[in-house]
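Structure below is final.cif: mmCIF, C-alpha atoms and all ligand atoms.
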```
data_my_file
loop_
_atom_site.label_atom_id
_atom_site.label_comp_id
_atom_site.auth_asym_id
_atom_site.auth_seq_id
_atom_site.Cartn_x
_atom_site.Cartn_y
_atom_site.Cartn_z
CA SER A 1 0.00 0.00 0.00
CA SER A 2 1.04 3.59 -0.37
CA ALA A 3 0.82 4.15 3.39
CA ALA A 4 3.72 6.25 4.63
CA SER A 5 6.44 4.04 6.15
CA LYS A 6 6.74 4.13 9.94
CA PRO A 7 8.27 7.47 11.01
CA SER A 8 10.98 7.39 13.68
CA VAL A 9 8.91 9.27 16.26
CA VAL A 10 5.29 10.32 16.16
CA ASP A 11 3.49 12.27 18.83
CA PRO A 12 0.70 9.83 19.78
CA THR A 13 -1.74 12.70 20.08
CA ASP A 14 -0.84 14.33 16.78
CA LEU A 15 -3.99 14.68 14.69
CA LYS A 16 -2.26 15.70 11.46
CA SER A 17 0.04 12.68 11.28
CA PHE A 18 -3.01 10.47 11.85
CA GLN A 19 -5.03 12.23 9.17
CA ASP A 20 -2.12 11.92 6.70
CA HIS A 21 -1.79 8.22 7.47
CA LEU A 22 -5.55 7.73 7.11
CA LYS A 23 -5.43 9.41 3.69
CA ASN A 24 -2.57 7.15 2.60
CA SER A 25 -4.08 4.00 4.09
CA LYS A 26 -5.74 1.48 1.82
CA ARG A 27 -6.83 -1.40 4.10
CA ILE A 28 -8.32 -0.28 7.37
CA LEU A 29 -10.02 -1.99 10.33
CA ALA A 30 -12.08 -0.40 13.07
CA LEU A 31 -12.67 -2.32 16.31
CA LEU A 32 -15.60 -0.87 18.24
CA GLY A 33 -16.66 -1.21 21.88
CA ALA A 34 -19.33 0.10 24.22
CA GLY A 35 -17.52 3.42 24.68
CA LEU A 36 -18.67 4.38 21.16
CA SER A 37 -22.28 4.37 22.41
CA ALA A 38 -21.57 5.98 25.79
CA SER A 39 -22.50 9.42 24.47
CA SER A 40 -25.78 7.97 23.24
CA GLY A 41 -26.59 7.31 26.87
CA LEU A 42 -26.04 3.54 26.86
CA PRO A 43 -23.97 2.23 29.79
CA THR A 44 -20.67 0.51 29.04
CA PHE A 45 -19.81 -2.82 30.65
CA ARG A 46 -16.90 -2.04 32.91
CA GLY A 47 -15.69 1.07 34.67
CA ALA A 48 -17.93 3.78 36.14
CA GLY A 49 -21.64 3.00 35.75
CA GLY A 50 -20.78 -0.14 33.81
CA LEU A 51 -23.40 -2.84 33.36
CA TRP A 52 -21.24 -5.50 34.91
CA ARG A 53 -20.83 -3.39 38.03
CA THR A 54 -24.56 -3.44 38.65
CA HIS A 55 -25.26 -6.87 37.20
CA ASP A 56 -23.53 -10.19 37.37
CA ALA A 57 -22.32 -11.10 33.88
CA THR A 58 -22.30 -14.79 34.80
CA GLU A 59 -25.91 -14.46 35.97
CA LEU A 60 -27.13 -12.84 32.80
CA ALA A 61 -24.79 -13.26 29.80
CA THR A 62 -24.12 -17.01 29.65
CA PRO A 63 -26.03 -19.98 28.20
CA GLU A 64 -26.06 -21.54 31.69
CA ALA A 65 -27.83 -18.47 33.10
CA PHE A 66 -30.47 -18.69 30.35
CA ALA A 67 -30.99 -22.39 30.98
CA ARG A 68 -31.34 -21.74 34.71
CA ASP A 69 -33.63 -18.69 34.60
CA PRO A 70 -34.67 -17.65 31.09
CA GLY A 71 -37.17 -15.15 32.50
CA LEU A 72 -34.48 -13.26 34.41
CA VAL A 73 -32.11 -13.24 31.42
CA TRP A 74 -34.93 -12.07 29.15
CA GLN A 75 -35.76 -9.23 31.56
CA PHE A 76 -32.13 -8.04 31.23
CA TYR A 77 -32.08 -8.17 27.43
CA ASN A 78 -35.60 -6.81 26.98
CA TYR A 79 -34.61 -3.86 29.18
CA ARG A 80 -31.46 -3.26 27.11
CA ARG A 81 -33.51 -3.48 23.87
CA HIS A 82 -35.85 -0.88 25.31
CA MET A 83 -32.96 1.43 26.26
CA ALA A 84 -31.17 0.97 22.93
CA LEU A 85 -34.39 1.71 21.00
CA GLY A 86 -34.73 4.94 23.00
CA ALA A 87 -31.12 5.94 22.29
CA LYS A 88 -29.86 7.71 19.17
CA PRO A 89 -26.64 7.17 17.22
CA ASN A 90 -24.10 9.88 18.11
CA PRO A 91 -21.67 11.83 15.85
CA ALA A 92 -19.09 9.03 16.19
CA HIS A 93 -21.50 6.45 14.74
CA TYR A 94 -22.30 8.79 11.84
CA ALA A 95 -18.67 9.73 11.18
CA LEU A 96 -17.67 6.07 11.08
CA ALA A 97 -20.59 5.16 8.82
CA ALA A 98 -19.65 7.96 6.40
CA LEU A 99 -16.01 6.87 6.30
CA ALA A 100 -17.00 3.24 5.76
CA LYS A 101 -19.33 4.25 2.92
CA LYS A 102 -16.55 6.28 1.30
CA ARG A 103 -13.86 3.58 1.65
CA GLY A 104 -15.89 0.53 0.57
CA ASP A 105 -14.74 -3.03 1.05
CA GLU A 106 -11.16 -2.23 2.09
CA PHE A 107 -12.56 -0.77 5.32
CA ILE A 108 -14.03 -3.36 7.69
CA THR A 109 -15.70 -2.49 11.00
CA LEU A 110 -15.58 -5.13 13.74
CA SER A 111 -18.15 -4.14 16.33
CA GLN A 112 -18.52 -5.75 19.75
CA ASN A 113 -21.63 -3.65 20.27
CA VAL A 114 -25.05 -5.29 20.17
CA ASP A 115 -27.03 -2.02 20.50
CA GLY A 116 -27.93 -1.56 16.83
CA LEU A 117 -26.65 2.04 16.72
CA SER A 118 -24.06 1.58 13.94
CA PRO A 119 -26.66 0.07 11.55
CA ARG A 120 -29.06 2.91 12.48
CA ALA A 121 -26.32 5.46 11.65
CA GLY A 122 -26.24 4.06 8.11
CA HIS A 123 -23.05 2.00 8.33
CA PRO A 124 -22.94 -0.18 5.18
CA ALA A 125 -24.08 -3.66 6.27
CA GLU A 126 -21.59 -5.58 4.13
CA THR A 127 -18.57 -4.13 5.93
CA LEU A 128 -20.06 -4.04 9.45
CA LYS A 129 -19.22 -7.29 11.29
CA LEU A 130 -21.22 -7.72 14.51
CA LEU A 131 -18.82 -9.90 16.46
CA HIS A 132 -21.18 -10.39 19.39
CA GLY A 133 -24.49 -10.43 17.50
CA SER A 134 -27.34 -8.01 18.11
CA LEU A 135 -30.02 -7.34 20.71
CA PHE A 136 -32.43 -7.19 17.77
CA ASP A 137 -31.73 -10.68 16.44
CA LEU A 138 -33.90 -13.39 18.00
CA LYS A 139 -32.95 -17.03 17.66
CA CYS A 140 -34.08 -20.43 18.84
CA SER A 141 -32.23 -21.71 21.91
CA SER A 142 -32.69 -25.32 20.83
CA PHE A 143 -29.38 -26.82 19.77
CA PHE A 144 -31.05 -28.59 16.83
CA CYS A 145 -32.95 -25.62 15.43
CA ASN A 146 -31.36 -22.80 13.44
CA HIS A 147 -34.33 -20.43 13.50
CA MET A 148 -33.11 -16.81 13.44
CA GLU A 149 -35.20 -13.68 13.10
CA ARG A 150 -33.22 -10.53 12.25
CA ASP A 151 -34.29 -6.93 12.91
CA ASN A 152 -37.01 -7.66 15.47
CA TYR A 153 -37.79 -4.40 17.29
CA THR A 154 -40.86 -5.41 19.28
CA ASP A 155 -40.80 -3.72 22.68
CA PRO A 156 -41.45 -5.49 24.98
CA VAL A 157 -40.49 -8.72 23.30
CA CYS A 158 -43.65 -10.28 24.77
CA PRO A 159 -46.37 -9.00 27.13
CA ALA A 160 -44.93 -10.84 30.13
CA LEU A 161 -41.74 -8.78 29.71
CA ALA A 162 -43.46 -5.41 29.97
CA ILE A 163 -41.02 -3.27 31.98
CA PRO A 164 -42.31 -2.04 35.35
CA THR A 165 -41.96 1.72 35.91
CA GLU A 166 -41.21 3.60 39.10
CA PRO A 167 -44.60 4.41 40.67
CA GLY A 168 -46.01 7.66 39.33
CA THR A 169 -43.34 7.97 36.61
CA ASP A 170 -42.54 6.55 33.16
CA ASN A 171 -39.05 5.60 34.33
CA PRO A 172 -38.43 1.93 33.42
CA ILE A 173 -36.96 -0.17 36.21
CA ASP A 174 -34.12 -2.57 35.46
CA THR A 175 -35.32 -5.33 37.78
CA THR A 176 -32.17 -7.36 37.04
CA ALA A 177 -29.85 -4.76 38.56
CA LYS A 178 -27.99 -6.07 41.59
CA ARG A 179 -29.94 -5.77 44.85
CA ASP A 180 -27.21 -3.60 46.33
CA LEU A 181 -28.58 -0.87 44.12
CA ASP A 182 -31.40 -1.05 46.60
CA ILE A 183 -34.16 -0.97 44.05
CA SER A 184 -36.10 -2.87 46.66
CA ASN A 185 -37.17 0.49 48.03
CA ILE A 186 -39.38 0.83 45.01
CA SER A 187 -42.60 -0.97 45.81
CA VAL A 188 -42.68 -2.95 42.58
CA PRO A 189 -42.79 -6.74 42.82
CA LEU A 190 -39.69 -8.17 41.14
CA PRO A 191 -41.46 -10.51 38.76
CA SER A 192 -40.02 -13.87 37.90
CA ILE A 193 -41.42 -14.90 34.56
CA PRO A 194 -42.35 -18.52 33.90
CA ALA A 195 -40.88 -19.96 30.68
CA SER A 196 -44.43 -20.63 29.50
CA GLU A 197 -44.94 -16.88 29.09
CA LEU A 198 -41.71 -16.37 27.11
CA PRO A 199 -41.59 -16.44 23.29
CA HIS A 200 -41.25 -19.92 21.79
CA CYS A 201 -39.76 -20.85 18.43
CA PRO A 202 -42.32 -20.73 15.61
CA THR A 203 -40.17 -23.14 13.58
CA CYS A 204 -39.50 -26.05 15.93
CA GLN A 205 -42.39 -25.17 18.29
CA THR A 206 -40.37 -26.40 21.28
CA GLY A 207 -37.28 -24.23 21.78
CA LEU A 208 -37.41 -20.99 23.75
CA ILE A 209 -36.51 -17.91 21.71
CA ARG A 210 -33.31 -16.23 23.04
CA PRO A 211 -31.49 -12.98 22.28
CA GLY A 212 -29.25 -13.29 19.20
CA VAL A 213 -26.15 -12.17 21.10
CA VAL A 214 -22.92 -14.11 21.78
CA TRP A 215 -22.76 -15.06 25.45
CA PHE A 216 -19.55 -15.75 27.38
CA GLY A 217 -18.33 -19.22 26.50
CA GLU A 218 -20.06 -19.15 23.10
CA SER A 219 -18.13 -18.85 19.89
CA LEU A 220 -18.61 -15.86 17.63
CA PRO A 221 -20.90 -16.24 14.60
CA GLY A 222 -19.16 -18.47 12.06
CA LYS A 223 -19.98 -16.25 9.06
CA VAL A 224 -18.55 -13.20 10.85
CA MET A 225 -15.36 -15.03 11.79
CA ASP A 226 -14.99 -16.24 8.18
CA ASP A 227 -15.41 -12.70 6.82
CA VAL A 228 -12.81 -11.32 9.24
CA ASP A 229 -10.40 -14.16 8.48
CA ALA A 230 -10.86 -13.52 4.75
CA PHE A 231 -9.86 -9.88 5.24
CA PHE A 232 -6.65 -10.95 6.97
CA ASP A 233 -5.96 -13.97 4.75
CA SER A 234 -5.81 -11.86 1.60
CA GLY A 235 -2.17 -11.46 2.63
CA GLU A 236 -2.22 -7.77 1.77
CA GLN A 237 -0.87 -5.36 4.33
CA VAL A 238 -3.32 -3.80 6.81
CA ASP A 239 -2.43 -0.13 7.10
CA LEU A 240 -4.45 0.96 10.13
CA ILE A 241 -6.63 -0.40 12.91
CA MET A 242 -8.66 2.08 14.95
CA VAL A 243 -9.55 0.76 18.41
CA ILE A 244 -12.52 2.80 19.55
CA GLY A 245 -14.21 2.79 22.96
CA THR A 246 -13.18 -0.68 24.06
CA SER A 247 -11.38 -1.89 27.17
CA SER A 248 -9.86 -4.61 24.95
CA LYS A 249 -10.58 -7.23 27.59
CA VAL A 250 -12.82 -9.63 25.68
CA TYR A 251 -11.40 -12.24 23.33
CA PRO A 252 -11.24 -13.18 20.53
CA ALA A 253 -12.38 -9.60 19.63
CA ALA A 254 -9.44 -7.91 21.36
CA GLY A 255 -7.03 -10.29 19.63
CA TYR A 256 -7.74 -8.72 16.25
CA VAL A 257 -5.53 -5.77 17.21
CA ASP A 258 -2.50 -8.07 17.36
CA ASP A 259 -3.54 -9.73 14.10
CA ALA A 260 -3.71 -6.33 12.39
CA ARG A 261 -0.34 -5.31 13.84
CA ALA A 262 1.14 -8.54 12.50
CA MET A 263 -0.08 -7.46 9.05
CA GLY A 264 1.76 -4.15 9.35
CA ALA A 265 -1.03 -2.01 10.78
CA ARG A 266 -0.44 1.05 12.88
CA VAL A 267 -2.85 1.41 15.79
CA ALA A 268 -4.97 4.43 16.69
CA VAL A 269 -6.75 4.17 20.06
CA VAL A 270 -9.73 6.40 20.87
CA ASN A 271 -10.70 6.03 24.50
CA MET A 272 -11.97 8.10 27.41
CA ASP A 273 -9.26 6.47 29.53
CA ARG A 274 -5.75 6.35 28.13
CA ARG A 275 -4.92 3.36 30.34
CA ASP A 276 -7.31 1.20 28.30
CA ALA A 277 -4.80 0.61 25.51
CA PRO A 278 -4.68 -2.79 23.84
CA LYS A 279 -2.95 -5.51 25.85
CA SER A 280 -0.07 -5.56 23.39
CA GLY A 281 0.60 -1.99 24.59
CA MET A 282 1.33 1.02 22.46
CA CYS A 283 4.12 0.86 19.92
CA GLU A 284 6.15 3.47 18.12
CA GLY A 285 4.00 5.05 15.44
CA ASP A 286 0.70 4.43 17.26
CA TRP A 287 -1.76 7.12 18.23
CA MET A 288 -3.71 7.54 21.45
CA PHE A 289 -6.57 10.06 21.34
CA GLU A 290 -8.02 10.46 24.81
CA GLY A 291 -11.61 11.65 25.25
CA ASP A 292 -15.17 11.08 24.08
CA ALA A 293 -15.37 9.19 20.81
CA ALA A 294 -18.42 11.29 19.86
CA ALA A 295 -16.22 14.40 19.93
CA ILE A 296 -13.00 12.88 18.57
CA LEU A 297 -14.08 10.78 15.58
CA PRO A 298 -15.60 13.63 13.52
CA GLU A 299 -12.26 15.47 14.05
CA LEU A 300 -10.13 12.49 13.07
CA PHE A 301 -11.98 11.86 9.81
CA ARG A 302 -12.22 15.48 8.78
C1 LIG B 401 -15.25 -17.50 23.52
C2 LIG B 401 -22.73 -9.87 24.26
C3 LIG B 401 -14.76 -19.79 23.38
C4 LIG B 401 -23.67 -10.12 25.39
C5 LIG B 401 -20.43 -10.04 25.10
C6 LIG B 401 -9.53 -15.66 30.19
C7 LIG B 401 -8.64 -15.07 29.31
C8 LIG B 401 -9.01 -14.79 27.99
C9 LIG B 401 -10.31 -15.11 27.54
C10 LIG B 401 -11.17 -15.69 28.43
C11 LIG B 401 -10.79 -15.97 29.75
N1 LIG B 401 -11.86 -16.52 30.36
C12 LIG B 401 -12.89 -16.61 29.49
C13 LIG B 401 -12.48 -16.13 28.31
C14 LIG B 401 -13.23 -16.04 27.09
C15 LIG B 401 -14.19 -14.85 27.15
C16 LIG B 401 -13.49 -13.59 27.55
O1 LIG B 401 -12.82 -12.98 26.73
N2 LIG B 401 -13.68 -13.19 28.81
C17 LIG B 401 -13.03 -11.96 29.27
C18 LIG B 401 -14.02 -11.17 30.13
C19 LIG B 401 -11.78 -12.35 30.06
N3 LIG B 401 -14.66 -14.72 25.80
C20 LIG B 401 -15.74 -15.42 25.42
O2 LIG B 401 -16.38 -16.14 26.14
C21 LIG B 401 -16.08 -15.31 23.94
N4 LIG B 401 -16.22 -16.62 23.43
O3 LIG B 401 -14.13 -17.27 23.93
O4 LIG B 401 -15.68 -18.73 23.17
C22 LIG B 401 -15.16 -20.78 22.40
C23 LIG B 401 -14.33 -21.00 21.29
C24 LIG B 401 -14.71 -21.94 20.40
C25 LIG B 401 -15.88 -22.67 20.58
C26 LIG B 401 -16.70 -22.44 21.69
C27 LIG B 401 -16.34 -21.47 22.61
C28 LIG B 401 -17.40 -14.57 23.77
C29 LIG B 401 -17.24 -13.17 24.26
C30 LIG B 401 -18.53 -12.38 23.93
C31 LIG B 401 -19.29 -12.18 25.20
N5 LIG B 401 -20.43 -11.31 24.91
N6 LIG B 401 -21.49 -9.29 24.81
C32 LIG B 401 -24.11 -8.83 26.02
O5 LIG B 401 -23.86 -7.75 25.45
O6 LIG B 401 -24.76 -8.92 27.08
S1 LIG B 401 -19.02 -9.29 25.67
C33 LIG B 401 -19.27 -7.69 26.18
O7 LIG B 401 -17.96 -7.16 26.43
C34 LIG B 401 -19.87 -6.78 25.12
O8 LIG B 401 -20.06 -7.38 23.87
C35 LIG B 401 -18.80 -5.73 24.96
O9 LIG B 401 -18.78 -5.19 23.73
C36 LIG B 401 -17.60 -6.53 25.24
C37 LIG B 401 -16.33 -5.77 25.44
O10 LIG B 401 -16.58 -4.72 26.33
P1 LIG B 401 -16.29 -3.23 25.75
O11 LIG B 401 -17.12 -3.02 24.55
O12 LIG B 401 -14.82 -3.07 25.62
O13 LIG B 401 -16.89 -2.34 26.89
P2 LIG B 401 -16.19 -2.00 28.26
O14 LIG B 401 -17.23 -1.46 29.16
O15 LIG B 401 -15.34 -3.17 28.71
O16 LIG B 401 -15.17 -0.84 27.89
C38 LIG B 401 -15.69 0.41 27.47
C39 LIG B 401 -14.48 1.22 27.07
O17 LIG B 401 -14.92 2.47 26.53
C40 LIG B 401 -13.56 1.56 28.24
O18 LIG B 401 -12.22 1.40 27.82
C41 LIG B 401 -13.87 3.02 28.52
O19 LIG B 401 -12.72 3.72 28.99
C42 LIG B 401 -14.22 3.52 27.15
N7 LIG B 401 -15.15 4.65 27.11
C43 LIG B 401 -16.18 4.94 27.96
N8 LIG B 401 -16.83 6.04 27.52
C44 LIG B 401 -16.22 6.44 26.36
C45 LIG B 401 -15.15 5.57 26.09
N9 LIG B 401 -14.35 5.70 25.02
C46 LIG B 401 -14.61 6.72 24.18
N10 LIG B 401 -15.62 7.61 24.36
C47 LIG B 401 -16.44 7.50 25.45
N11 LIG B 401 -17.44 8.39 25.63
#
```
The structure given in the file should be rewritten as structure tokens.
Ligand code: BV8
Amino acid sequence: SSAASKPSVVDPTDLKSFQDHLKNSKRILALLGAGLSASSGLPTFRGAGGLWRTHDATELATPEAFARDPGLVWQFYNYRRHMALGAKPNPAHYALAALAKKRGDEFITLSQNVDGLSPRAGHPAETLKLLHGSLFDLKCSSFFCNHMERDNYTDPVCPALAIPTEPGTDNPIDTTAKRDLDISNISVPLPSIPASELPHCPTCQTGLIRPGVVWFGESLPGKVMDDVDAFFDSGEQVDLIMVIGTSSKVYPAAGYVDDARAMGARVAVVNMDRRDAPKSGMCEGDWMFEGDAAAILPELFR
């Protein structure tokens, strides 16, 4: 590629050198995390206000949890569908979608986000790889059935999952938040929902419908993995990977940064917290732009 060769020293916060490299870059990856949607009002997973600080990931985001208490797990995902539907894409989603549209198939976005905001911002579907699925895909939980319904926006997913509100307000209550948030002071019974009232698979008639997200311990969607592997296997150099709003803690998603580096990519991190650099650390020639992705991305792509 025509990308400028690695300079001896680059100021990791230097916008111009990034913009020059972006212009000269041919093959580009973007790896997205929950921080991209923070400015849209959706909580991230870790750190301040993070979902996993008020919920127990093993209680809610694993196949075992769903097998044990599908009603509880559905309350968590139905609540997050409701919140994501009420949120709007922010300038970072739009800036990324515009760049992806402009660059075509040499620009691939790997998103860990399940909130549907990148598709709603107009990101071209063929180059947006949803590594962890989507809140708005519904699939059959039966091992033998491959029923999948895409783009289901019903809210609530079924009547039994109607979200209780704080008395006298329209504020939805996340009844799956940890008790130590003391939601018990709100006089709303914490419903447990029998499986019989949850959506069942219209195809096999027996399986419970589950959220079409990748839970911990589950492998990423095969088609998505194949597409990402194909991008790397072309053997051509990768010029840039942008690592945006992710704590880079979850694998195999976080591992793609090392794969891109191995193909010659320089790394540009956009994160509210400069300590959340990729595990492989920052190398010479990388960039670290600290702050809100919603404010930074439009600048970077100008
Ligand atoms: C698999 C969907 C095996 C559900 C999610 C030990 C070592 C290594 C790996 C493992 C291990 N033990 C277990 C594993 C495997 C495990 C894993 O990686 N665990 C981690 C926690 C250690 N991985 C898996 O289980 C994966 N599967 O390995 O399968 C296998 C293989 C073959 C065959 C069968 C099985 C599946 C992982 C997918 C799990 N599903 N989500 C749901 O959403 O409920 S993961 C979840 O974390 C979300 O998808 C999320 O996207 C992802 C990563 O989190 P982030 O997006 O990074 O969000 P986070 O809050 O962490 O960070 C936000 C960042 O934004 C912060 O840095 C913050 O500073 C920054 N920020 C905040 N505001 C802003 C901002 N930045 C910019 N602007 C702002 N305004």
Give me, as a PyMOL selection string, all polymer residues having an atom no more than 9 Å from Asp105 in chain A, counting all atoms listed in the file and skipping those fewer than 4 positions away in the same chain. chain A and resi 27+100-101+126-127
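Picture a line from CA of Leu297 in chain A to CA of Ile108 in chain A; it runs 16.2 Å.
Proximity of A:Arg302, A:His123, A:His55, A:Lys26 to ligand LIG 401 (chain B), computed with all atoms listed in the file, is greatest for A:His55.
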In Å, how far is it from CA of Arg120 in chain A to CA of Ile296 in chain A? 19.9 Å
Name the closest residue to Ser247 in chain A among the candidates A:Arg46, A:Lys139, A:Arg266, A:Lys102; distances are taken between atoms, counting all atoms listed in the file. A:Arg46
Using all atoms listed in the file for the distances, tell me which of A:Asn113, A:Asn152, A:Asn171, A:Ser280 is nearest to ligand LIG 401 (chain B). A:Asn113
